[in-house]
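Content type mmCIF, C-alpha atoms, from the file protein-v8.cif:
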```
data_upload
#
loop_
_atom_site.label_atom_id
_atom_site.label_comp_id
_atom_site.auth_asym_id
_atom_site.auth_seq_id
_atom_site.Cartn_x
_atom_site.Cartn_y
_atom_site.Cartn_z
CA MET A 1 -60.55 -224.45 -49.83
CA LYS A 2 -62.16 -224.81 -53.27
CA LYS A 3 -65.56 -223.98 -51.74
CA ILE A 4 -64.17 -220.81 -50.19
CA ILE A 5 -62.60 -219.70 -53.47
CA SER A 6 -65.76 -220.56 -55.41
CA SER A 7 -67.91 -218.67 -52.90
CA LEU A 8 -65.59 -215.68 -53.04
CA MET A 9 -65.65 -215.65 -56.84
CA LEU A 10 -69.43 -215.92 -56.84
CA PHE A 11 -69.66 -213.04 -54.34
CA VAL A 12 -67.36 -210.88 -56.50
CA ALA A 13 -69.35 -211.73 -59.65
CA PHE A 14 -72.68 -210.80 -58.02
CA ASN A 15 -71.18 -207.72 -56.43
CA GLY A 16 -70.01 -206.52 -59.86
CA PHE A 17 -73.63 -206.32 -60.98
CA ALA A 18 -74.94 -204.76 -57.76
CA GLN A 19 -76.48 -201.34 -57.46
CA LEU A 20 -77.16 -200.41 -61.06
CA VAL A 21 -79.28 -197.51 -62.31
CA GLN A 22 -80.46 -197.02 -65.91
CA GLY A 23 -82.81 -194.46 -67.36
CA GLU A 24 -83.36 -191.37 -69.46
CA ILE A 25 -84.51 -187.77 -69.58
CA ASN A 26 -86.78 -186.80 -72.47
CA ILE A 27 -88.40 -183.55 -73.54
CA LYS A 28 -91.71 -184.09 -75.27
CA GLU A 29 -90.84 -187.81 -75.53
CA GLN A 30 -87.59 -187.11 -77.39
CA SER A 31 -83.94 -187.12 -76.36
CA LYS A 32 -83.27 -184.24 -78.77
CA ILE A 33 -85.74 -181.52 -79.65
CA GLU A 34 -85.52 -178.29 -81.65
CA LEU A 35 -87.52 -175.17 -80.81
CA THR A 36 -87.72 -171.75 -82.34
CA ALA A 37 -88.84 -169.36 -79.63
CA LYS A 38 -91.85 -167.17 -80.41
CA SER A 39 -90.23 -164.37 -78.44
CA ASN A 40 -86.85 -163.60 -76.94
CA LYS A 41 -88.18 -163.58 -73.36
CA ALA A 42 -87.13 -166.37 -71.01
CA VAL A 43 -90.34 -165.89 -69.04
CA ASN A 44 -92.38 -166.89 -72.12
CA LEU A 45 -90.30 -170.05 -72.54
CA PHE A 46 -90.89 -170.75 -68.84
CA ALA A 47 -94.65 -170.38 -69.40
CA ASP A 48 -94.51 -172.90 -72.27
CA PHE A 49 -92.85 -175.46 -69.97
CA ARG A 50 -95.28 -174.71 -67.12
CA GLU A 51 -98.23 -175.17 -69.52
CA ASN A 52 -96.76 -178.59 -70.37
CA LYS A 53 -96.10 -177.81 -74.04
CA TYR A 54 -92.67 -179.38 -73.53
CA PRO A 55 -93.01 -181.94 -70.73
CA ILE A 56 -89.74 -183.17 -69.23
CA HIS A 57 -89.95 -186.86 -68.40
CA PHE A 58 -87.40 -188.51 -66.09
CA ALA A 59 -87.47 -192.32 -65.83
CA PHE A 60 -85.11 -194.85 -64.29
CA THR A 61 -84.90 -198.38 -63.01
CA ALA A 62 -82.70 -199.60 -60.18
CA THR A 63 -81.19 -203.01 -59.54
CA ASP A 64 -79.99 -204.15 -56.12
CA VAL A 65 -80.15 -200.68 -54.56
CA PRO A 66 -80.23 -200.99 -50.77
CA LEU A 67 -83.58 -200.29 -49.15
CA ASN A 68 -83.98 -197.27 -46.88
CA SER A 69 -85.56 -197.40 -43.40
CA ASP A 70 -89.02 -197.43 -45.07
CA LYS A 71 -88.01 -200.51 -47.08
CA LYS A 72 -87.96 -198.53 -50.35
CA GLU A 73 -85.27 -198.08 -52.99
CA VAL A 74 -84.04 -194.50 -53.10
CA VAL A 75 -81.31 -193.10 -55.34
CA GLN A 76 -79.82 -189.63 -55.08
CA PHE A 77 -79.20 -187.69 -58.28
CA VAL A 78 -77.32 -184.54 -59.15
CA PHE A 79 -79.12 -182.67 -61.93
CA SER A 80 -76.96 -180.51 -64.14
CA THR A 81 -77.56 -178.17 -67.04
CA THR A 82 -75.07 -177.01 -69.63
CA ILE A 83 -76.01 -174.15 -71.93
CA LYS A 84 -74.11 -173.30 -75.10
CA LYS A 85 -74.71 -170.25 -77.27
CA ASP A 86 -73.53 -170.50 -80.87
CA GLY A 87 -71.33 -173.48 -79.91
CA LYS A 88 -69.64 -171.85 -76.89
CA THR A 89 -70.44 -172.96 -73.34
CA ILE A 90 -71.89 -170.00 -71.45
CA GLY A 91 -73.04 -171.72 -68.29
CA THR A 92 -73.17 -174.94 -66.31
CA ILE A 93 -75.24 -175.40 -63.19
CA LYS A 94 -75.35 -178.39 -60.84
CA ARG A 95 -78.09 -178.82 -58.27
CA SER A 96 -77.63 -180.29 -54.82
CA PRO A 97 -78.37 -184.04 -54.68
CA MET A 98 -82.06 -184.95 -54.71
CA PRO A 99 -83.51 -188.37 -53.73
CA PHE A 100 -85.87 -190.25 -56.06
CA PHE A 101 -87.71 -193.56 -56.12
CA PRO A 102 -87.28 -195.66 -59.28
CA GLY A 103 -90.00 -195.13 -61.85
CA ASP A 104 -91.00 -192.30 -64.10
CA MET A 105 -92.10 -188.77 -63.36
CA LEU A 106 -92.63 -185.39 -64.92
CA MET A 107 -90.00 -182.86 -63.90
CA PRO A 108 -90.49 -179.10 -63.73
CA ILE A 109 -88.13 -176.95 -65.76
CA GLU A 110 -86.97 -175.44 -62.45
CA THR A 111 -85.15 -178.70 -61.68
CA PHE A 112 -82.59 -177.72 -64.30
CA ASP A 113 -82.35 -173.91 -63.74
CA VAL A 114 -82.55 -173.32 -67.51
CA ILE A 115 -84.75 -170.24 -67.26
CA SER A 116 -82.58 -168.49 -64.67
CA VAL A 117 -79.44 -168.98 -66.77
CA LEU A 118 -81.11 -167.82 -70.00
CA SER A 119 -82.69 -164.78 -68.36
CA ASN A 120 -79.39 -163.63 -66.85
CA ILE A 121 -77.04 -163.99 -69.83
CA GLN A 122 -77.05 -160.24 -70.25
CA THR A 123 -77.84 -157.35 -67.93
CA ASN A 124 -81.42 -156.29 -68.55
CA THR A 125 -83.29 -153.17 -67.58
CA PRO A 126 -86.78 -153.34 -66.06
CA GLU A 127 -88.20 -152.85 -69.58
CA THR A 128 -86.18 -155.72 -71.03
CA VAL A 129 -86.29 -158.11 -68.07
CA SER A 130 -85.67 -161.77 -69.04
CA GLU A 131 -84.58 -160.99 -72.62
CA ILE A 132 -82.41 -163.64 -74.22
CA PRO A 133 -79.82 -162.47 -76.78
CA LYS A 134 -80.35 -163.67 -80.35
CA GLY A 135 -78.54 -166.87 -81.24
CA ASN A 136 -78.62 -170.62 -81.35
CA TYR A 137 -78.64 -172.35 -77.98
CA GLU A 138 -77.92 -175.94 -77.01
CA ILE A 139 -79.27 -176.90 -73.60
CA ILE A 140 -78.12 -180.25 -72.19
CA LEU A 141 -80.06 -181.74 -69.27
CA GLU A 142 -78.34 -184.46 -67.24
CA ALA A 143 -78.95 -186.57 -64.12
CA LYS A 144 -76.07 -188.42 -62.50
CA PRO A 145 -76.69 -191.02 -59.79
CA ILE A 146 -74.63 -190.80 -56.61
CA GLY A 147 -73.05 -193.92 -55.14
CA VAL A 148 -74.60 -196.19 -57.74
CA LYS A 149 -73.26 -197.44 -61.06
CA GLY A 150 -75.17 -196.80 -64.23
CA GLN A 151 -76.21 -193.93 -66.42
CA ILE A 152 -79.18 -191.75 -67.22
CA ALA A 153 -79.30 -190.78 -70.90
CA SER A 154 -79.26 -186.99 -71.20
CA SER A 155 -81.59 -184.79 -73.23
CA THR A 156 -80.70 -181.88 -75.50
CA LEU A 157 -82.87 -178.91 -76.39
CA PHE A 158 -81.80 -176.85 -79.40
CA LEU A 159 -83.30 -173.38 -79.04
CA LYS A 160 -83.24 -170.68 -81.70
CA ILE A 161 -83.83 -167.07 -80.64
CA ASN A 162 -84.43 -164.66 -83.53
#
```

For the file at hand, write its structure as structure tokens.
Amino acid sequence: MKKIISSLMLFVAFNGFAQLVQGEINIKEQSKIELTAKSNKAVNLFADFRENKYPIHFAFTATDVPLNSDKKEVVQFVFSTTIKKDGKTIGTIKRSPMPFFPGDMLMPIETFDVISVLSNIQTNTPETVSEIPKGNYEIILEAKPIGVKGQIASSTLFLKIN
């Protein structure tokens, strides 16, 4: 009986540490970054990200994640973006779950839908397409694992539009 109880306790103890994910999202190797936009056009900010002036780096490790049919660890994540203007939340977007292998990778800005939210804050005419209203923006990028314990540290971009 003691062996059964000891085995059960050992199983519970190991199971408590199972399936753990830890990691971070960084922009230009920082968890918080401040930018003053050179223009008020979202498309120009998009170009800066595409030209890798502000690389987004996503890295995570996984412990005891079950292997898929290819014998590889795969974790699904929901990427979300929260945008605040002058301290007030103006938009939150969550993407459909996306599978990733543990490790580190560069992520395109499109993963977080930042540009689409910023370019549609106001109704623009063809002459003012993608204009962002003046103000101070806080853009929070997050990744949440599905079905696995742990946390990915978020990243915050403070953007000033003059």

For the atom pair atom CA of Ile93 of chain A and atom CA of Thr63 of chain A, what is the interatomic distance in Å to one decimal place?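 Atom-to-atom, atom CA of Ile93 of chain A to atom CA of Thr63 of chain A, that is 28.5 Å.
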
What is the distance between atom CA of Phe58 of chain A and atom CA of Ile25 of chain A, in Å to one decimal? 4.6 Å

Might you pull out every residue within 7 Å of segment 133-144 of chain A, with all atoms listed in the file counted and same-chain residues fewer than 4 positions away left off, and present them as a PyMOL selection string? chain A and resi 77-86+112+151-152+154-162

Can you list, as an mmCIF file with C-alpha atoms, in the frame of the given file, the residues that the PyMOL selection byres ((chain A and resi 107) around 9) selects here?
```
data_model
loop_
_atom_site.group_PDB
_atom_site.id
_atom_site.type_symbol
_atom_site.label_atom_id
_atom_site.label_comp_id
_atom_site.auth_asym_id
_atom_site.auth_seq_id
_atom_site.Cartn_x
_atom_site.Cartn_y
_atom_site.Cartn_z
ATOM 1 C CA PRO A 55 -93.010 -181.940 -70.730
ATOM 2 C CA ILE A 56 -89.740 -183.170 -69.230
ATOM 3 C CA HIS A 57 -89.950 -186.860 -68.400
ATOM 4 C CA PHE A 58 -87.400 -188.510 -66.090
ATOM 5 C CA MET A 105 -92.100 -188.770 -63.360
ATOM 6 C CA LEU A 106 -92.630 -185.390 -64.920
ATOM 7 C CA PRO A 108 -90.490 -179.100 -63.730
ATOM 8 C CA ILE A 109 -88.130 -176.950 -65.760
ATOM 9 C CA GLU A 110 -86.970 -175.440 -62.450
ATOM 10 C CA THR A 111 -85.150 -178.700 -61.680
#
```

Taking into account all atoms listed in the file, which residue in the set A:Ile132, A:Val148, A:Ile115, A:Val74 is nearest to Phe46 of chain A?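 Closest residue, counting all atoms listed in the file: A:Ile115.
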
Which residues, written as a ChimeraX atom specification, have at least one atom at most 9 Å from Phe60 of chain A, with only C-alpha atoms counted and residues fewer than 3 positions away on the same chain left out? /A:21-25,101-104,152

Can you work out which one of A:Leu118, A:Ala18, A:Ile146, A:Pro126 has the shortest atom-to-atom distance to Asn40 of chain A, counting all atoms listed in the file?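 Among A:Leu118, A:Ala18, A:Ile146, A:Pro126, it is A:Leu118 that comes nearest to Asn40 of chain A.
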
Which one of A:Ala153, A:Val117, A:Ile90, A:Ile27 sits closest to Val43 of chain A if you count all atoms listed in the file?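 Of A:Ala153, A:Val117, A:Ile90, A:Ile27, the one nearest Val43 of chain A is A:Val117, counting all atoms listed in the file.
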
Closest of A:Gly150, A:Pro66, A:Ser116, A:Phe49 to Lys28 of chain A - atom-to-atom distances counting only C-alpha atoms: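 Among the listed residues, A:Phe49 lies closest to Lys28 of chain A.
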
Can you pull out every residue within 12 Å of Asn68 of chain A, counting all atoms listed in the file, but drop anything in the same chain fewer than 4 positions away, and send it as a list in words? Lys72, Glu73, Val74, Val75, Gln76, Pro99, Phe100 and Phe101 of chain A

Calculate, to one decimal in Å, the centre and edge lengths of the box along x, y and z of the file that holds all listed atoms of segment 96-103 of chain A with 4 Å of margin on each side, and present them as lines of an AutoDock Vina configuration file.
```
center_x = -83.8
center_y = -188.0
center_z = -57.8
size_x = 20.4
size_y = 23.4
size_z = 16.1
```

Minimum-distance residue to Val129 of chain A, chosen among A:Lys32, A:Lys149, A:Lys94, A:Lys41 (using all atoms listed in the file):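 Result for the nearest residue to Val129 of chain A: A:Lys41.
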
When distances are computed from only C-alpha atoms, which of A:Leu35, A:Met98, A:Ile121, A:Leu67 shows the smallest separation from Asp48 of chain A?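 Checking each of A:Leu35, A:Met98, A:Ile121, A:Leu67 against Asp48 of chain A, counting only C-alpha atoms, the winner is A:Leu35.
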
Record the distance separating atom CA of Gln122 of chain A and atom CA of Arg50 of chain A, expressed in Å with one decimal.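 Rounded to one decimal, the two atoms are 23.5 Å apart.
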